[in-house]
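Pasted below: upload_22.txt, compact mmCIF, C-alpha atoms and all ligand atoms.
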```txt
# COMPACT_ATOMS: atom_id res chain seq x y z
CA MET A 1 -0.71 -14.94 -16.67
CA SER A 2 -1.21 -18.14 -14.71
CA GLN A 3 -1.68 -17.90 -10.94
CA SER A 4 0.36 -21.09 -10.62
CA ASN A 5 3.49 -19.43 -11.96
CA PRO A 6 5.84 -19.72 -8.96
CA PHE A 7 7.13 -16.20 -9.50
CA VAL A 8 3.70 -14.80 -8.61
CA SER A 9 4.30 -15.81 -5.01
CA LEU A 10 7.48 -13.70 -4.96
CA ALA A 11 5.49 -10.45 -5.18
CA ALA A 12 5.26 -8.24 -2.09
CA PRO A 13 2.19 -9.22 -0.03
CA GLY A 14 0.04 -6.23 -1.05
CA VAL A 15 0.97 -6.55 -4.71
CA ALA A 16 0.01 -10.22 -5.05
CA ASP A 17 -3.70 -9.45 -4.46
CA LEU A 18 -3.77 -6.11 -6.24
CA LYS A 19 -6.42 -5.51 -8.88
CA PRO A 20 -4.97 -3.10 -11.44
CA TYR A 21 -6.60 0.24 -12.25
CA VAL A 22 -9.02 -0.06 -15.19
CA PRO A 23 -8.56 2.92 -17.50
CA GLY A 24 -11.19 4.20 -19.93
CA LYS A 25 -10.99 2.40 -23.25
CA PRO A 26 -9.00 4.40 -25.83
CA LEU A 27 -10.90 5.34 -29.01
CA SER A 28 -8.34 3.52 -31.15
CA GLU A 29 -8.98 0.28 -29.23
CA LEU A 30 -12.75 0.49 -29.67
CA GLU A 31 -12.43 1.15 -33.40
CA ARG A 32 -9.92 -1.71 -33.78
CA GLU A 33 -12.04 -4.20 -31.82
CA LEU A 34 -15.54 -3.39 -33.08
CA GLY A 35 -14.77 -1.92 -36.48
CA VAL A 36 -16.81 1.22 -35.70
CA THR A 37 -15.67 4.66 -36.83
CA ASN A 38 -16.39 8.22 -35.67
CA SER A 39 -16.74 7.00 -32.13
CA ILE A 40 -16.80 9.30 -29.11
CA LYS A 41 -15.11 8.95 -25.75
CA LEU A 42 -16.90 10.27 -22.68
CA ALA A 43 -15.08 7.97 -20.29
CA SER A 44 -12.04 9.61 -18.70
CA ASN A 45 -13.20 13.09 -17.66
CA GLU A 46 -11.02 14.74 -20.27
CA ASN A 47 -11.61 18.30 -21.45
CA PRO A 48 -13.66 18.11 -24.69
CA LEU A 49 -12.20 21.47 -25.82
CA GLY A 50 -8.66 20.05 -25.77
CA CYS A 51 -6.17 22.43 -24.20
CA SER A 52 -5.08 26.06 -24.41
CA GLU A 53 -3.46 27.17 -27.68
CA ALA A 54 -0.71 28.72 -25.56
CA ALA A 55 0.04 25.29 -24.12
CA LYS A 56 0.33 23.80 -27.62
CA GLU A 57 2.70 26.58 -28.63
CA ALA A 58 4.82 25.94 -25.54
CA MET A 59 5.00 22.23 -26.37
CA ARG A 60 6.17 22.96 -29.90
CA GLY A 61 8.87 25.19 -28.43
CA GLU A 62 10.30 22.22 -26.49
CA ILE A 63 10.64 19.78 -29.39
CA GLY A 64 14.23 20.73 -30.14
CA GLU A 65 15.24 20.05 -26.53
CA ALA A 66 14.00 16.46 -26.39
CA SER A 67 17.55 15.11 -25.99
CA ARG A 68 18.04 17.08 -22.75
CA TYR A 69 16.87 15.98 -19.33
CA PRO A 70 14.14 18.27 -18.02
CA ASP A 71 14.64 20.63 -15.08
CA GLY A 72 14.24 18.05 -12.31
CA GLY A 73 13.34 20.77 -9.84
CA GLY A 74 10.68 22.25 -12.13
CA PHE A 75 11.80 25.75 -11.18
CA ALA A 76 9.62 27.87 -13.47
CA LEU A 77 6.43 25.84 -13.04
CA ARG A 78 6.79 25.61 -9.27
CA ALA A 79 7.41 29.36 -9.07
CA ALA A 80 4.25 30.04 -11.09
CA LEU A 81 2.21 27.63 -8.97
CA ALA A 82 3.55 29.18 -5.77
CA ALA A 83 2.46 32.60 -7.02
CA LYS A 84 -0.97 31.28 -8.03
CA HIS A 85 -1.61 29.79 -4.59
CA GLY A 86 0.22 32.37 -2.49
CA VAL A 87 2.61 29.78 -1.02
CA LYS A 88 6.38 29.21 -1.14
CA ALA A 89 7.85 27.17 -4.00
CA SER A 90 9.19 24.80 -1.33
CA GLN A 91 5.58 23.81 -0.64
CA ILE A 92 4.99 22.54 -4.19
CA THR A 93 5.85 19.00 -5.32
CA LEU A 94 5.45 18.17 -9.00
CA GLY A 95 4.10 14.81 -10.12
CA ASN A 96 3.76 12.77 -13.28
CA GLY A 97 0.07 13.44 -13.05
CA SER A 98 -1.36 13.82 -9.56
CA ASN A 99 -1.58 10.02 -9.55
CA ASP A 100 2.21 10.05 -9.13
CA ILE A 101 1.85 12.32 -6.09
CA LEU A 102 -0.77 10.01 -4.55
CA ASP A 103 1.60 7.10 -5.03
CA ILE A 104 4.51 9.05 -3.53
CA ILE A 105 2.37 9.93 -0.50
CA ALA A 106 1.58 6.25 0.03
CA ARG A 107 5.26 5.32 -0.20
CA VAL A 108 6.28 8.01 2.27
CA PHE A 109 3.56 7.66 4.90
CA LEU A 110 2.18 4.11 4.63
CA PHE A 111 3.60 0.65 5.32
CA ALA A 112 2.53 -2.65 6.87
CA GLY A 113 0.72 -1.96 10.14
CA ARG A 114 -0.43 1.54 9.13
CA GLU A 115 -4.01 2.15 8.08
CA SER A 116 -5.14 3.97 4.94
CA LEU A 117 -8.61 5.45 5.38
CA PHE A 118 -10.94 6.47 2.57
CA SER A 119 -14.64 6.37 1.75
CA GLN A 120 -16.74 3.82 -0.05
CA TYR A 121 -16.86 4.97 -3.73
CA ALA A 122 -13.51 6.77 -3.36
CA PHE A 123 -11.06 7.12 -6.24
CA ALA A 124 -9.52 3.72 -7.10
CA VAL A 125 -5.93 4.91 -6.84
CA TYR A 126 -6.11 5.32 -3.03
CA PRO A 127 -6.55 1.59 -2.34
CA ILE A 128 -4.11 0.59 -5.09
CA SER A 129 -1.25 2.79 -3.88
CA SER A 130 -1.96 1.95 -0.24
CA GLN A 131 -2.19 -1.80 -0.71
CA ALA A 132 0.97 -1.88 -2.82
CA VAL A 133 3.01 -0.69 0.16
CA GLY A 134 1.38 -3.15 2.54
CA ALA A 135 -0.93 -0.75 4.42
CA THR A 136 -4.29 -1.90 5.78
CA LEU A 137 -7.28 -0.54 3.84
CA MET A 138 -10.07 1.04 5.91
CA VAL A 139 -13.25 1.86 4.01
CA ALA A 140 -15.76 4.20 5.64
CA PRO A 141 -19.39 3.79 4.55
CA ALA A 142 -20.66 6.55 2.26
CA ARG A 143 -23.71 8.74 2.83
CA ASP A 144 -25.79 9.43 -0.29
CA TYR A 145 -22.79 8.25 -2.38
CA GLY A 146 -20.62 10.99 -0.82
CA HIS A 147 -18.24 11.25 2.11
CA ASP A 148 -19.66 10.70 5.59
CA LEU A 149 -17.11 12.67 7.60
CA ASP A 150 -18.55 11.51 10.93
CA ALA A 151 -18.15 7.88 9.89
CA MET A 152 -14.61 8.60 8.73
CA ALA A 153 -13.69 10.43 11.95
CA GLY A 154 -14.98 7.46 13.92
CA MET A 155 -12.52 5.15 12.14
CA VAL A 156 -9.39 7.20 12.91
CA ASN A 157 -7.15 5.55 15.48
CA ASP A 158 -3.48 5.34 16.53
CA ASN A 159 -2.62 3.27 13.45
CA THR A 160 -4.16 5.67 10.92
CA GLY A 161 -1.46 6.93 8.56
CA VAL A 162 -3.29 8.68 5.72
CA VAL A 163 -6.89 9.82 5.16
CA TRP A 164 -7.81 10.43 1.50
CA ILE A 165 -10.68 12.67 0.41
CA ALA A 166 -11.40 13.71 -3.16
CA ASN A 167 -13.48 16.87 -3.25
CA PRO A 168 -15.32 16.77 -5.64
CA ASN A 169 -15.23 12.97 -5.59
CA ASN A 170 -14.73 10.66 -8.57
CA PRO A 171 -16.67 8.50 -9.63
CA THR A 172 -19.71 9.95 -7.85
CA GLY A 173 -19.30 13.71 -8.45
CA THR A 174 -20.41 14.36 -4.87
CA HIS A 175 -18.71 17.15 -2.95
CA LEU A 176 -18.38 18.48 0.56
CA THR A 177 -19.57 22.04 1.02
CA GLY A 178 -19.46 24.48 3.92
CA ASN A 179 -17.10 24.05 6.88
CA GLY A 180 -17.44 20.30 7.33
CA LEU A 181 -14.17 19.31 5.70
CA HIS A 182 -12.23 22.09 7.42
CA ASP A 183 -13.59 21.08 10.81
CA PHE A 184 -12.94 17.39 10.12
CA ILE A 185 -9.26 18.14 9.42
CA ALA A 186 -9.01 20.43 12.45
CA ALA A 187 -10.23 17.60 14.69
CA LEU A 188 -7.78 15.01 13.30
CA PRO A 189 -4.68 14.16 15.32
CA LYS A 190 -1.70 16.01 13.78
CA SER A 191 0.00 12.61 13.38
CA VAL A 192 -2.46 11.73 10.59
CA ILE A 193 -1.75 12.91 7.05
CA VAL A 194 -4.88 14.08 5.25
CA VAL A 195 -4.90 14.28 1.49
CA VAL A 196 -7.52 16.49 -0.16
CA ASP A 197 -7.56 15.59 -3.85
CA GLU A 198 -8.86 18.60 -5.79
CA ALA A 199 -8.60 17.16 -9.32
CA TYR A 200 -11.99 18.69 -10.24
CA ILE A 201 -11.99 21.88 -8.17
CA GLU A 202 -12.01 24.15 -11.24
CA TYR A 203 -15.48 22.84 -12.07
CA ALA A 204 -16.96 23.23 -8.59
CA ALA A 205 -19.20 26.26 -8.12
CA ALA A 206 -18.14 29.37 -6.22
CA GLY A 207 -18.18 28.76 -2.49
CA HIS A 208 -16.77 25.25 -2.80
CA PRO A 209 -14.12 24.89 -0.07
CA ASP A 210 -10.54 25.33 -1.33
CA ALA A 211 -8.32 23.27 0.97
CA SER A 212 -5.18 24.94 -0.42
CA GLN A 213 -6.18 27.91 1.76
CA TRP A 214 -5.73 25.86 4.93
CA LEU A 215 -2.07 24.86 4.64
CA GLU A 216 -0.94 27.40 7.21
CA ALA A 217 -3.29 25.94 9.82
CA PHE A 218 -2.74 22.25 9.04
CA PRO A 219 0.88 21.03 8.65
CA ASN A 220 -0.49 17.49 8.14
CA LEU A 221 -2.55 18.53 5.06
CA ILE A 222 -1.56 17.68 1.48
CA VAL A 223 -3.67 19.13 -1.33
CA THR A 224 -3.32 17.63 -4.80
CA ARG A 225 -4.19 19.30 -8.10
CA THR A 226 -3.87 18.23 -11.72
CA PHE A 227 -3.51 19.62 -15.23
CA SER A 228 -5.33 16.55 -16.62
CA LYS A 229 -8.92 17.70 -16.22
CA ALA A 230 -9.94 21.37 -16.72
CA TYR A 231 -6.52 22.28 -18.16
CA GLY A 232 -6.88 19.54 -20.79
CA LEU A 233 -3.34 18.14 -20.55
CA ALA A 234 -4.11 14.55 -19.49
CA SER A 235 -1.70 13.03 -21.98
CA LEU A 236 1.28 15.02 -20.71
CA ARG A 237 0.98 13.75 -17.13
CA VAL A 238 1.44 16.70 -14.83
CA GLY A 239 0.00 17.36 -11.41
CA TYR A 240 1.26 18.71 -8.10
CA SER A 241 0.75 18.90 -4.39
CA LEU A 242 0.68 21.76 -1.93
CA SER A 243 1.85 21.00 1.58
CA HIS A 244 4.02 22.10 4.47
CA PRO A 245 7.64 22.45 3.17
CA ASP A 246 8.81 19.62 5.48
CA VAL A 247 6.18 17.31 3.98
CA ALA A 248 7.23 18.39 0.48
CA ASP A 249 10.83 17.60 1.44
CA LEU A 250 9.80 14.04 2.38
CA LEU A 251 7.82 13.61 -0.86
CA ASN A 252 10.82 14.80 -2.84
CA ARG A 253 13.01 12.08 -1.33
CA VAL A 254 11.13 9.34 -3.18
CA ARG A 255 10.02 11.36 -6.22
CA HIS A 256 11.75 10.22 -9.41
CA PRO A 257 14.26 12.94 -10.22
CA PHE A 258 12.86 13.73 -13.68
CA ASN A 259 9.23 12.73 -13.16
CA VAL A 260 7.74 15.64 -15.15
CA ASN A 261 9.09 16.03 -18.67
CA ALA A 262 10.05 19.37 -20.18
CA MET A 263 7.17 19.52 -22.64
CA ALA A 264 4.71 18.94 -19.82
CA GLN A 265 6.34 21.59 -17.62
CA ALA A 266 6.28 24.16 -20.43
CA ALA A 267 2.69 23.36 -21.41
CA ALA A 268 1.46 23.51 -17.82
CA LEU A 269 3.18 26.85 -17.29
CA ALA A 270 1.58 28.29 -20.42
CA ALA A 271 -1.81 26.80 -19.53
CA LEU A 272 -1.72 28.55 -16.15
CA GLY A 273 -1.50 31.85 -18.00
CA ASP A 274 -4.64 31.18 -20.06
CA GLN A 275 -7.48 31.47 -17.56
CA ALA A 276 -9.84 32.42 -20.40
CA PHE A 277 -9.56 28.82 -21.62
CA ILE A 278 -10.53 27.57 -18.15
CA GLU A 279 -13.55 29.92 -18.11
CA ARG A 280 -14.69 28.60 -21.50
CA SER A 281 -14.22 25.03 -20.28
CA ILE A 282 -16.32 25.66 -17.18
CA GLU A 283 -19.12 27.27 -19.22
CA LEU A 284 -19.18 24.40 -21.68
CA ASN A 285 -19.24 21.96 -18.78
CA SER A 286 -22.22 23.66 -17.11
CA ALA A 287 -24.19 23.63 -20.35
CA GLY A 288 -23.26 20.00 -21.04
CA MET A 289 -24.16 18.98 -17.50
CA ARG A 290 -27.62 20.51 -17.98
CA GLN A 291 -28.00 18.83 -21.38
CA LEU A 292 -27.08 15.38 -20.08
CA THR A 293 -29.00 15.50 -16.81
CA GLU A 294 -32.14 16.80 -18.56
CA GLY A 295 -31.72 14.05 -21.12
CA PHE A 296 -31.41 11.41 -18.40
CA ALA A 297 -34.47 12.78 -16.60
CA ALA A 298 -36.46 12.63 -19.85
CA MET A 299 -35.61 8.92 -20.01
CA GLY A 300 -36.69 8.45 -16.41
CA LEU A 301 -33.11 7.90 -15.21
CA ALA A 302 -31.84 9.28 -11.91
CA HIS A 303 -28.33 10.67 -11.60
CA ILE A 304 -26.08 11.59 -8.70
CA PRO A 305 -25.79 15.42 -8.59
CA SER A 306 -22.23 16.18 -9.70
CA ALA A 307 -19.81 19.02 -9.03
CA GLY A 308 -17.29 17.67 -11.56
CA ASN A 309 -17.02 17.35 -15.34
CA PHE A 310 -18.86 14.03 -15.39
CA VAL A 311 -22.16 12.66 -14.17
CA THR A 312 -22.98 9.21 -12.88
CA VAL A 313 -26.36 7.92 -13.94
CA ASP A 314 -28.40 5.09 -12.44
CA LEU A 315 -29.60 2.80 -15.24
CA GLY A 316 -31.80 0.79 -12.90
CA ARG A 317 -30.26 -2.40 -14.28
CA SER A 318 -26.82 -3.87 -14.79
CA ALA A 319 -24.67 -1.37 -16.67
CA THR A 320 -22.50 -4.08 -18.22
CA GLU A 321 -24.70 -4.89 -21.22
CA VAL A 322 -25.72 -1.28 -21.66
CA ASP A 323 -22.05 -0.35 -21.81
CA GLN A 324 -21.40 -3.06 -24.40
CA ALA A 325 -24.36 -1.88 -26.49
CA LEU A 326 -23.15 1.74 -26.26
CA LEU A 327 -19.71 0.63 -27.47
CA ARG A 328 -21.33 -0.90 -30.54
CA GLU A 329 -22.96 2.52 -31.09
CA GLY A 330 -19.49 4.06 -30.93
CA CYS A 331 -19.88 5.59 -27.47
CA ILE A 332 -17.30 4.92 -24.77
CA THR A 333 -18.52 5.66 -21.24
CA ARG A 334 -17.39 4.32 -17.90
CA PRO A 335 -19.11 1.48 -16.07
CA VAL A 336 -18.31 1.69 -12.35
CA ALA A 337 -19.05 -1.85 -11.18
CA ASN A 338 -15.46 -2.00 -9.91
CA TYR A 339 -16.50 0.74 -7.46
CA GLY A 340 -19.41 -1.36 -6.19
CA MET A 341 -21.94 0.52 -8.35
CA PRO A 342 -23.07 -2.15 -10.86
CA ASN A 343 -26.13 -0.25 -12.11
CA HIS A 344 -24.37 3.09 -12.65
CA LEU A 345 -22.59 4.50 -15.66
CA ARG A 346 -20.22 7.47 -15.39
CA VAL A 347 -20.44 9.82 -18.36
CA SER A 348 -17.91 12.61 -18.91
CA ILE A 349 -19.38 15.88 -20.16
CA GLY A 350 -18.52 16.29 -23.85
CA LEU A 351 -19.20 18.78 -26.61
CA GLU A 352 -22.89 19.49 -27.26
CA ALA A 353 -22.96 17.14 -30.27
CA GLU A 354 -21.20 14.38 -28.32
CA ASN A 355 -23.66 14.66 -25.43
CA ALA A 356 -26.56 14.55 -27.91
CA ARG A 357 -25.11 11.48 -29.58
CA LEU A 358 -24.64 9.72 -26.24
CA LEU A 359 -28.23 10.49 -25.20
CA ALA A 360 -29.57 9.19 -28.52
CA ALA A 361 -27.49 6.03 -28.27
CA LEU A 362 -28.58 5.46 -24.67
CA LYS A 363 -32.21 5.90 -25.62
CA LYS A 364 -31.77 3.38 -28.44
CA VAL A 365 -30.03 0.70 -26.36
CA LEU A 366 -32.34 1.04 -23.34
CA VAL A 367 -35.52 0.08 -25.21
C1 LIG B 401 -8.41 12.13 -12.71
C2 LIG B 401 -8.17 12.12 -11.24
C3 LIG B 401 -6.91 12.39 -10.72
C4 LIG B 401 -5.76 12.82 -11.52
O1 LIG B 401 -5.20 12.12 -12.41
P1 LIG B 401 -3.81 12.57 -13.06
O2 LIG B 401 -4.07 12.55 -14.50
O3 LIG B 401 -2.85 11.54 -12.60
O4 LIG B 401 -3.44 13.93 -12.53
C5 LIG B 401 -6.74 12.43 -9.36
N1 LIG B 401 -7.77 12.22 -8.54
C6 LIG B 401 -8.99 11.98 -8.99
C7 LIG B 401 -10.08 11.81 -8.03
C8 LIG B 401 -9.22 11.91 -10.35
O5 LIG B 401 -10.44 11.61 -10.81
```

Will you turn the file into structure tokens for me?
Amino acid sequence: MSQSNPFVSLAAPGVADLKPYVPGKPLSELERELGVTNSIKLASNENPLGCSEAAKEAMRGEIGEASRYPDGGGFALRAALAAKHGVKASQITLGNGSNDILDIIARVFLFAGRESLFSQYAFAVYPISSQAVGATLMVAPARDYGHDLDAMAGMVNDNTGVVWIANPNNPTGTHLTGNGLHDFIAALPKSVIVVVDEAYIEYAAAGHPDASQWLEAFPNLIVTRTFSKAYGLASLRVGYSLSHPDVADLLNRVRHPFNVNAMAQAAALAALGDQAFIERSIELNSAGMRQLTEGFAAMGLAHIPSAGNFVTVDLGRSATEVDQALLREGCITRPVANYGMPNHLRVSIGLEAENARLLAALKKVLV
């Protein structure tokens, strides 16, 4: 698309300069472009076990209803989520993936003149959704690749609209432990919305702070969760937020009426009932994390300690060519140069054989 096309200048100010989100390359695209087969994808933090059998069964049960609009209020799923978290259903907002919720939050609470505050190396959707609605982006410097809450607190002012914190964070895998996050939120003015994005919380070890427990104390807190990662339903697009009911009411005003389809609602509901699948997923992830990090260490590569289902490794040189070479070996990983980390590669934890294959390919291309 040419920049000189006069229609480009018609875009809203934030949109004109927006750099679109770069998704992990699909396997089909790699195989089409490079003619490789049997390739593996460790690029989008998907669950290598797939999803719960109960979720598949629930999806099959919805096929005959495809001509009907879904329940726009998501009654059954919201009721189950409310029970899981010990909150009222009126505190749950469903999203087409939690990405949808993040975008809805930006549309409700941000506009030109308001500031959107997040950390260096924060999830790419925060700046995209914020800039699209004309908000000013405020980037706090990171500490050891993770959130520096003191630096963030120092950047809050009368114009701050939303503060975004992923815990654990993507793409670094860093996480905030102890009381720091709780105390940071407690010290924020109540006029500032704080989003705690818990996309990877299922993988974090016991003792990791669960912000969904703090809703009573903080009416300005929105916690987001997803079925895309540990629950293995990334393709279906379903996530949700937990918040004060009045905040949920605002989010619902701009939410598309049928944003979560019936198959996704049914699958998510069934997946919630299969905690054994989540336990298996967490165990596999711990073993895979050990396998990959030991493999990196054996190659003399440092990694950022990760609380998620991925690990970001420092190649000590530009990751661009390494990524290209890995693609030719049939391995899709995630370069993170767009996050300002040109020498790092983010690798999702896969099955044991996939991790082994990635390590072998990396060893081969790094010589
Ligand atoms: C993957 C991810 C999400 C969720 O994505 P959805 O599939 O839209 O639910 C949200 N936040 C972070 C930090 C993520 O990495």

Let me have all residues with an atom within 8 Å of ligand LIG 401 (chain B), counting only C-alpha atoms and all ligand atoms, laid out as a ChimeraX atom specification. /A:44-45,95-100,122-123,125,166-171,197-200,224-229,234-235,237-239

Using only C-alpha atoms, determine which residues lie at most 10 Å from region 342-355 of chain A, disregarding the query and same-chain residues fewer than 5 positions distant; provide the list as an MDAnalysis selection string. chainID A and resid 39:49 170:173 284:292 295 302:304 308:320 322:323 331:337 360:361

Is it possible to get the axis-aligned box enclosing region 223-234 of chain A (all listed atoms, 6 Å extra per side) as lines of an AutoDock Vina configuration file, with centre and edge lengths in Å rounded to one decimal?
```
center_x = -6.6
center_y = 18.4
center_z = -11.1
size_x = 18.6
size_y = 19.7
size_z = 31.5
```

Region 240-248 of chain A environment, 8 Å, only C-alpha atoms, sequence neighbours closer than 4 positions dropped, as a ChimeraX atom specification: /A:90-95,97-98,101,212,215-216,219-226,252

Suppose we keep C-alpha atoms; can you now write the selection as an mmCIF file, keeping the file's coordinate frame?
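Contents of result.cif, freshly written:
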```cif
data_model
loop_
_atom_site.group_PDB
_atom_site.id
_atom_site.type_symbol
_atom_site.label_atom_id
_atom_site.label_comp_id
_atom_site.auth_asym_id
_atom_site.auth_seq_id
_atom_site.Cartn_x
_atom_site.Cartn_y
_atom_site.Cartn_z
ATOM 1 C CA SER A 90 9.190 24.800 -1.330
ATOM 2 C CA GLN A 91 5.580 23.810 -0.640
ATOM 3 C CA ILE A 92 4.990 22.540 -4.190
ATOM 4 C CA THR A 93 5.850 19.000 -5.320
ATOM 5 C CA LEU A 94 5.450 18.170 -9.000
ATOM 6 C CA GLY A 95 4.100 14.810 -10.120
ATOM 7 C CA GLY A 97 0.070 13.440 -13.050
ATOM 8 C CA SER A 98 -1.360 13.820 -9.560
ATOM 9 C CA ILE A 101 1.850 12.320 -6.090
ATOM 10 C CA SER A 212 -5.180 24.940 -0.420
ATOM 11 C CA LEU A 215 -2.070 24.860 4.640
ATOM 12 C CA GLU A 216 -0.940 27.400 7.210
ATOM 13 C CA PRO A 219 0.880 21.030 8.650
ATOM 14 C CA ASN A 220 -0.490 17.490 8.140
ATOM 15 C CA LEU A 221 -2.550 18.530 5.060
ATOM 16 C CA ILE A 222 -1.560 17.680 1.480
ATOM 17 C CA VAL A 223 -3.670 19.130 -1.330
ATOM 18 C CA THR A 224 -3.320 17.630 -4.800
ATOM 19 C CA ARG A 225 -4.190 19.300 -8.100
ATOM 20 C CA THR A 226 -3.870 18.230 -11.720
ATOM 21 C CA ASN A 252 10.820 14.800 -2.840
#
```

Show which residues sit within 10 Å of region 255-262 of chain A, as a PyMOL selection string. Count all atoms listed in the file, and ignore same-chain residues fewer than 3 positions away. chain A and resi 58-59+62-63+65-66+68-74+93-97+100-101+103-105+107-108+236-239+249-252+265-268

Dump C-alpha atoms for the selected residues as a PDB file, in the frame of the given file?
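Result file again06.pdb:
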```
ATOM      1  CA  ALA A  58       4.820  25.940 -25.540  1.00  0.00           C
ATOM      2  CA  MET A  59       5.000  22.230 -26.370  1.00  0.00           C
ATOM      3  CA  GLU A  62      10.300  22.220 -26.490  1.00  0.00           C
ATOM      4  CA  ILE A  63      10.640  19.780 -29.390  1.00  0.00           C
ATOM      5  CA  GLU A  65      15.240  20.050 -26.530  1.00  0.00           C
ATOM      6  CA  ALA A  66      14.000  16.460 -26.390  1.00  0.00           C
ATOM      7  CA  ARG A  68      18.040  17.080 -22.750  1.00  0.00           C
ATOM      8  CA  TYR A  69      16.870  15.980 -19.330  1.00  0.00           C
ATOM      9  CA  PRO A  70      14.140  18.270 -18.020  1.00  0.00           C
ATOM     10  CA  ASP A  71      14.640  20.630 -15.080  1.00  0.00           C
ATOM     11  CA  GLY A  72      14.240  18.050 -12.310  1.00  0.00           C
ATOM     12  CA  GLY A  73      13.340  20.770  -9.840  1.00  0.00           C
ATOM     13  CA  GLY A  74      10.680  22.250 -12.130  1.00  0.00           C
ATOM     14  CA  THR A  93       5.850  19.000  -5.320  1.00  0.00           C
ATOM     15  CA  LEU A  94       5.450  18.170  -9.000  1.00  0.00           C
ATOM     16  CA  GLY A  95       4.100  14.810 -10.120  1.00  0.00           C
ATOM     17  CA  ASN A  96       3.760  12.770 -13.280  1.00  0.00           C
ATOM     18  CA  GLY A  97       0.070  13.440 -13.050  1.00  0.00           C
ATOM     19  CA  ASP A 100       2.210  10.050  -9.130  1.00  0.00           C
ATOM     20  CA  ILE A 101       1.850  12.320  -6.090  1.00  0.00           C
ATOM     21  CA  ASP A 103       1.600   7.100  -5.030  1.00  0.00           C
ATOM     22  CA  ILE A 104       4.510   9.050  -3.530  1.00  0.00           C
ATOM     23  CA  ILE A 105       2.370   9.930  -0.500  1.00  0.00           C
ATOM     24  CA  ARG A 107       5.260   5.320  -0.200  1.00  0.00           C
ATOM     25  CA  VAL A 108       6.280   8.010   2.270  1.00  0.00           C
ATOM     26  CA  LEU A 236       1.280  15.020 -20.710  1.00  0.00           C
ATOM     27  CA  ARG A 237       0.980  13.750 -17.130  1.00  0.00           C
ATOM     28  CA  VAL A 238       1.440  16.700 -14.830  1.00  0.00           C
ATOM     29  CA  GLY A 239       0.000  17.360 -11.410  1.00  0.00           C
ATOM     30  CA  ASP A 249      10.830  17.600   1.440  1.00  0.00           C
ATOM     31  CA  LEU A 250       9.800  14.040   2.380  1.00  0.00           C
ATOM     32  CA  LEU A 251       7.820  13.610  -0.860  1.00  0.00           C
ATOM     33  CA  ASN A 252      10.820  14.800  -2.840  1.00  0.00           C
ATOM     34  CA  GLN A 265       6.340  21.590 -17.620  1.00  0.00           C
ATOM     35  CA  ALA A 266       6.280  24.160 -20.430  1.00  0.00           C
ATOM     36  CA  ALA A 267       2.690  23.360 -21.410  1.00  0.00           C
ATOM     37  CA  ALA A 268       1.460  23.510 -17.820  1.00  0.00           C
TER      38      ALA A 268
END
```

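The gap separating CA of Leu327 (chain A) from CA of Gly24 (chain A) is 11.9 Å, in Å to one decimal.
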
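Distance-wise, CA of Ala112 (chain A) and CA of Ala187 (chain A) end up 25.2 Å apart.
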
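One distance worth recording is that between CA of Lys19 (chain A) and CA of Ala307 (chain A), which is 27.9 Å.
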